[in-house]
Amino acid sequence: MPVEFLGIGGTNDGSETSPRSGPSFDKQYALRLARAHQEYGWDRVLFAYGSGSPDPAQVAAYVATRVTDLDILLAHRANVSYPTYALKTFATLDQISDGRLTVHFITGGNDHEQGREGDVLTKDARYSRTREYIQIVKKGWTSREPFDHEGEHYSFRDFVSDVFPVQDPRPSVSFGGSSPAAYAAGGAEADIYGLWGEPLADTAQQIVSIKEAALRAGRADVPRIQVAFRPIIAPTEELAWEKAHRVLGDLRRAGTNRRRTSGSPENTGSQRLLDVAARGERHDRALWTPTAAATGGAGNSNALVGTPETVAEALLDYYDLGVEIISARGYDILDDAIDFGRYVIPLVRKGVAERDRNKAAALSSVGS
């Protein structure tokens, strides 16, 4: 089973631990970061979405024309544009990138952040809308004949696009979430299902829930599983833990939860991260939760701490659960992307190759 690595396609050098040094869209930095991912063995980078951030589709198009051997994961919120408009944007970007696009559909887990762009739906209603949105996008990508749609959230007549993706039949659809409503929507529609890093047992439980949702939706296949971490690596275990505690101090000083509304997070994924943190700081080989606790469970925030060998073995444990895509982003975005690509990715790929050889040999011996 292949393994893929997803990095971050940032637009500036800021992170949770340090303010940016230039504009929100620093074109040269965006190219430098993408080229570093390309050079050091990453497969794809995410262009994330924020209510006030640079438009990720345009940033992705800019990078795609200048970095030609790196795939794109474009984040998109269903509330910000009508699906017939969005599917043309995606198809155009797939043309620009020569078929390197995957689209990650965001439902939105925070009412305050969604409200910044006029979204007033409840969380479960947002999942229903995202599911309908994805269905329309898929049909628009593949239908050469005009079609009508009458749904709970969208209604239109006689639509047909004049721009289609390069990929046949369409680009892959990525999705994330940890609530029953998320499992139902993503299990039915996603090609890739993204999770935040949790202990192995919790991740295995989520994978079962996703697969069960896919089967209930009548699918013959199941989504590929992606898990996200914040790696903190160093040449020795002692140095890695010293680095981890420096990062934690920086997180606390930066006050990364200052924009959160008061009280507990609304989305199930963040609640799960805080629950894991409450159960203990360290789990399995290398999972470390204080970074998640310090940010209020904000997004991808659990760390993997240790030497490259330790972190690679930890990632292989997730691979053994059925995880096919590893999402990783350090706190020093550029330098950590280089170090992770140089020291960790080769070890994980080597471990996967060894597992594949052993599995093939076992099958061969059974058949002989």
# chains A, B, ... in the order shown; residues from 1 in each chain; ligands from 1
>>> select_by_dssp(residues="segment 5-117 of chain A", states="alpha helix (DSSP H)", output="VMD selection string")
chain A and resid 27 to 39 56 to 64 83 to 96 111 to 115
>>> write_last_selection(atoms="C-alpha atoms", output="PDB file, in the first residue's frame")
ATOM      1  CA  LYS A  27       4.812  35.394  -3.288  1.00  0.00           C
ATOM      2  CA  GLN A  28       8.484  34.578  -3.057  1.00  0.00           C
ATOM      3  CA  TYR A  29       8.069  32.807   0.267  1.00  0.00           C
ATOM      4  CA  ALA A  30       5.141  30.779  -1.078  1.00  0.00           C
ATOM      5  CA  LEU A  31       7.310  29.605  -3.983  1.00  0.00           C
ATOM      6  CA  ARG A  32      10.301  28.910  -1.763  1.00  0.00           C
ATOM      7  CA  LEU A  33       8.186  26.785   0.582  1.00  0.00           C
ATOM      8  CA  ALA A  34       6.554  24.835  -2.254  1.00  0.00           C
ATOM      9  CA  ARG A  35       9.922  24.182  -3.904  1.00  0.00           C
ATOM     10  CA  ALA A  36      11.318  22.918  -0.595  1.00  0.00           C
ATOM     11  CA  HIS A  37       8.476  20.417  -0.358  1.00  0.00           C
ATOM     12  CA  GLN A  38       9.096  19.365  -3.944  1.00  0.00           C
ATOM     13  CA  GLU A  39      12.830  18.948  -3.423  1.00  0.00           C
ATOM     14  CA  PRO A  56      -6.155  29.774  -1.683  1.00  0.00           C
ATOM     15  CA  ALA A  57      -7.321  28.947  -5.217  1.00  0.00           C
ATOM     16  CA  GLN A  58      -5.398  31.873  -6.694  1.00  0.00           C
ATOM     17  CA  VAL A  59      -2.338  31.149  -4.560  1.00  0.00           C
ATOM     18  CA  ALA A  60      -2.454  27.502  -5.660  1.00  0.00           C
ATOM     19  CA  ALA A  61      -2.687  28.520  -9.313  1.00  0.00           C
ATOM     20  CA  TYR A  62       0.283  30.864  -8.905  1.00  0.00           C
ATOM     21  CA  VAL A  63       2.393  28.120  -7.342  1.00  0.00           C
ATOM     22  CA  ALA A  64       1.226  25.403  -9.744  1.00  0.00           C
ATOM     23  CA  PRO A  83     -21.305  25.003  -6.210  1.00  0.00           C
ATOM     24  CA  THR A  84     -21.720  25.618  -9.950  1.00  0.00           C
ATOM     25  CA  TYR A  85     -19.255  28.484  -9.697  1.00  0.00           C
ATOM     26  CA  ALA A  86     -16.842  26.552  -7.502  1.00  0.00           C
ATOM     27  CA  LEU A  87     -16.707  23.478  -9.714  1.00  0.00           C
ATOM     28  CA  LYS A  88     -15.575  25.649 -12.635  1.00  0.00           C
ATOM     29  CA  THR A  89     -12.867  27.178 -10.452  1.00  0.00           C
ATOM     30  CA  PHE A  90     -11.675  23.699  -9.499  1.00  0.00           C
ATOM     31  CA  ALA A  91     -11.774  22.408 -13.079  1.00  0.00           C
ATOM     32  CA  THR A  92      -9.808  25.440 -14.274  1.00  0.00           C
ATOM     33  CA  LEU A  93      -7.204  24.889 -11.560  1.00  0.00           C
ATOM     34  CA  ASP A  94      -6.934  21.227 -12.517  1.00  0.00           C
ATOM     35  CA  GLN A  95      -6.256  22.396 -16.081  1.00  0.00           C
ATOM     36  CA  ILE A  96      -3.654  24.925 -14.898  1.00  0.00           C
ATOM     37  CA  ASP A 111     -19.887  29.344  14.436  1.00  0.00           C
ATOM     38  CA  HIS A 112     -17.966  32.580  15.005  1.00  0.00           C
ATOM     39  CA  GLU A 113     -15.497  31.910  12.176  1.00  0.00           C
ATOM     40  CA  GLN A 114     -18.308  30.825   9.837  1.00  0.00           C
ATOM     41  CA  GLY A 115     -20.288  33.930  10.728  1.00  0.00           C
TER      42      GLY A 115
END
>>> residues_around(residues="segment 203-213 of chain A", least_positions_apart="4", cutoff="6 Å", atoms="only C-alpha atoms", output="NGL selection string")
:A and (183-184 or 187 or 198 or 222)
>>> atom_distance(atom1="atom CA of Arg100 of chain A", atom2="atom CA of Lys138 of chain A")
16.5 Å
>>> closest_atom_pairs(of="segment 247-288 of chain A", to="segment 296-313 of chain A", cutoff="8 Å", atoms="only C-alpha atoms", output="JSON lines")
{"residue": "A:Asn257", "atom": "CA", "partner": "A:Gly296", "partner_atom": "CA", "distance": 6.1}
{"residue": "A:Ser264", "atom": "CA", "partner": "A:Gly296", "partner_atom": "CA", "distance": 7.9}
{"residue": "A:Pro265", "atom": "CA", "partner": "A:Gly296", "partner_atom": "CA", "distance": 7.2}
{"residue": "A:Gly269", "atom": "CA", "partner": "A:Gly299", "partner_atom": "CA", "distance": 7.8}
{"residue": "A:Ser270", "atom": "CA", "partner": "A:Gly297", "partner_atom": "CA", "distance": 4.5}
{"residue": "A:Gln271", "atom": "CA", "partner": "A:Gly297", "partner_atom": "CA", "distance": 6.8}
{"residue": "A:Leu273", "atom": "CA", "partner": "A:Gly297", "partner_atom": "CA", "distance": 5.5}
{"residue": "A:Leu274", "atom": "CA", "partner": "A:Gly297", "partner_atom": "CA", "distance": 5.6}
{"residue": "A:Arg285", "atom": "CA", "partner": "A:Thr310", "partner_atom": "CA", "distance": 7.3}
{"residue": "A:Ala286", "atom": "CA", "partner": "A:Leu304", "partner_atom": "CA", "distance": 5.0}
{"residue": "A:Leu287", "atom": "CA", "partner": "A:Leu304", "partner_atom": "CA", "distance": 4.7}
{"residue": "A:Trp288", "atom": "CA", "partner": "A:Ala303", "partner_atom": "CA", "distance": 5.1}
>>> select_by_dssp(residues="segment 64-301 of chain A", states="strand (DSSP E or B)", output="PyMOL selection string")
chain A and resi 71-77+101-106+147-150+155-159+172-176+192-196+224-233+282-283+287-288
>>> atom_distance(atom1="atom CA of Ser327 of chain A", atom2="atom CA of Ala228 of chain A")
4.3 Å
>>> closest_residue(among="A:Gly52, A:Gly118, A:Pro171, A:Gly108", to="Asp71 of chain A", atoms="only C-alpha atoms")
A:Pro171
>>> closest_residue(among="A:Ala78, A:Ile325, A:Gly41, A:His104", to="Leu347 of chain A", atoms="only C-alpha atoms")
A:Gly41
>>> atom_distance(atom1="atom CA of Trp196 of chain A", atom2="atom CA of Val227 of chain A")
5.5 Å
>>> closest_residue(among="A:Pro199, A:Gly22, A:Gly341, A:Glu152", to="Glu281 of chain A", atoms="only C-alpha atoms")
A:Pro199
>>> closest_residue(among="A:Thr295, A:Ser15, A:Ser174, A:Thr68", to="Gln226 of chain A", atoms="only C-alpha atoms")
A:Ser174
>>> closest_residue(among="A:Tyr82, A:Gly186, A:Ala125, A:Asn110", to="Val137 of chain A", atoms="only C-alpha atoms")
A:Tyr82
>>> closest_residue(among="A:Thr11, A:Ser21, A:Asn267, A:Thr130", to="Gly177 of chain A", atoms="only C-alpha atoms")
A:Asn267
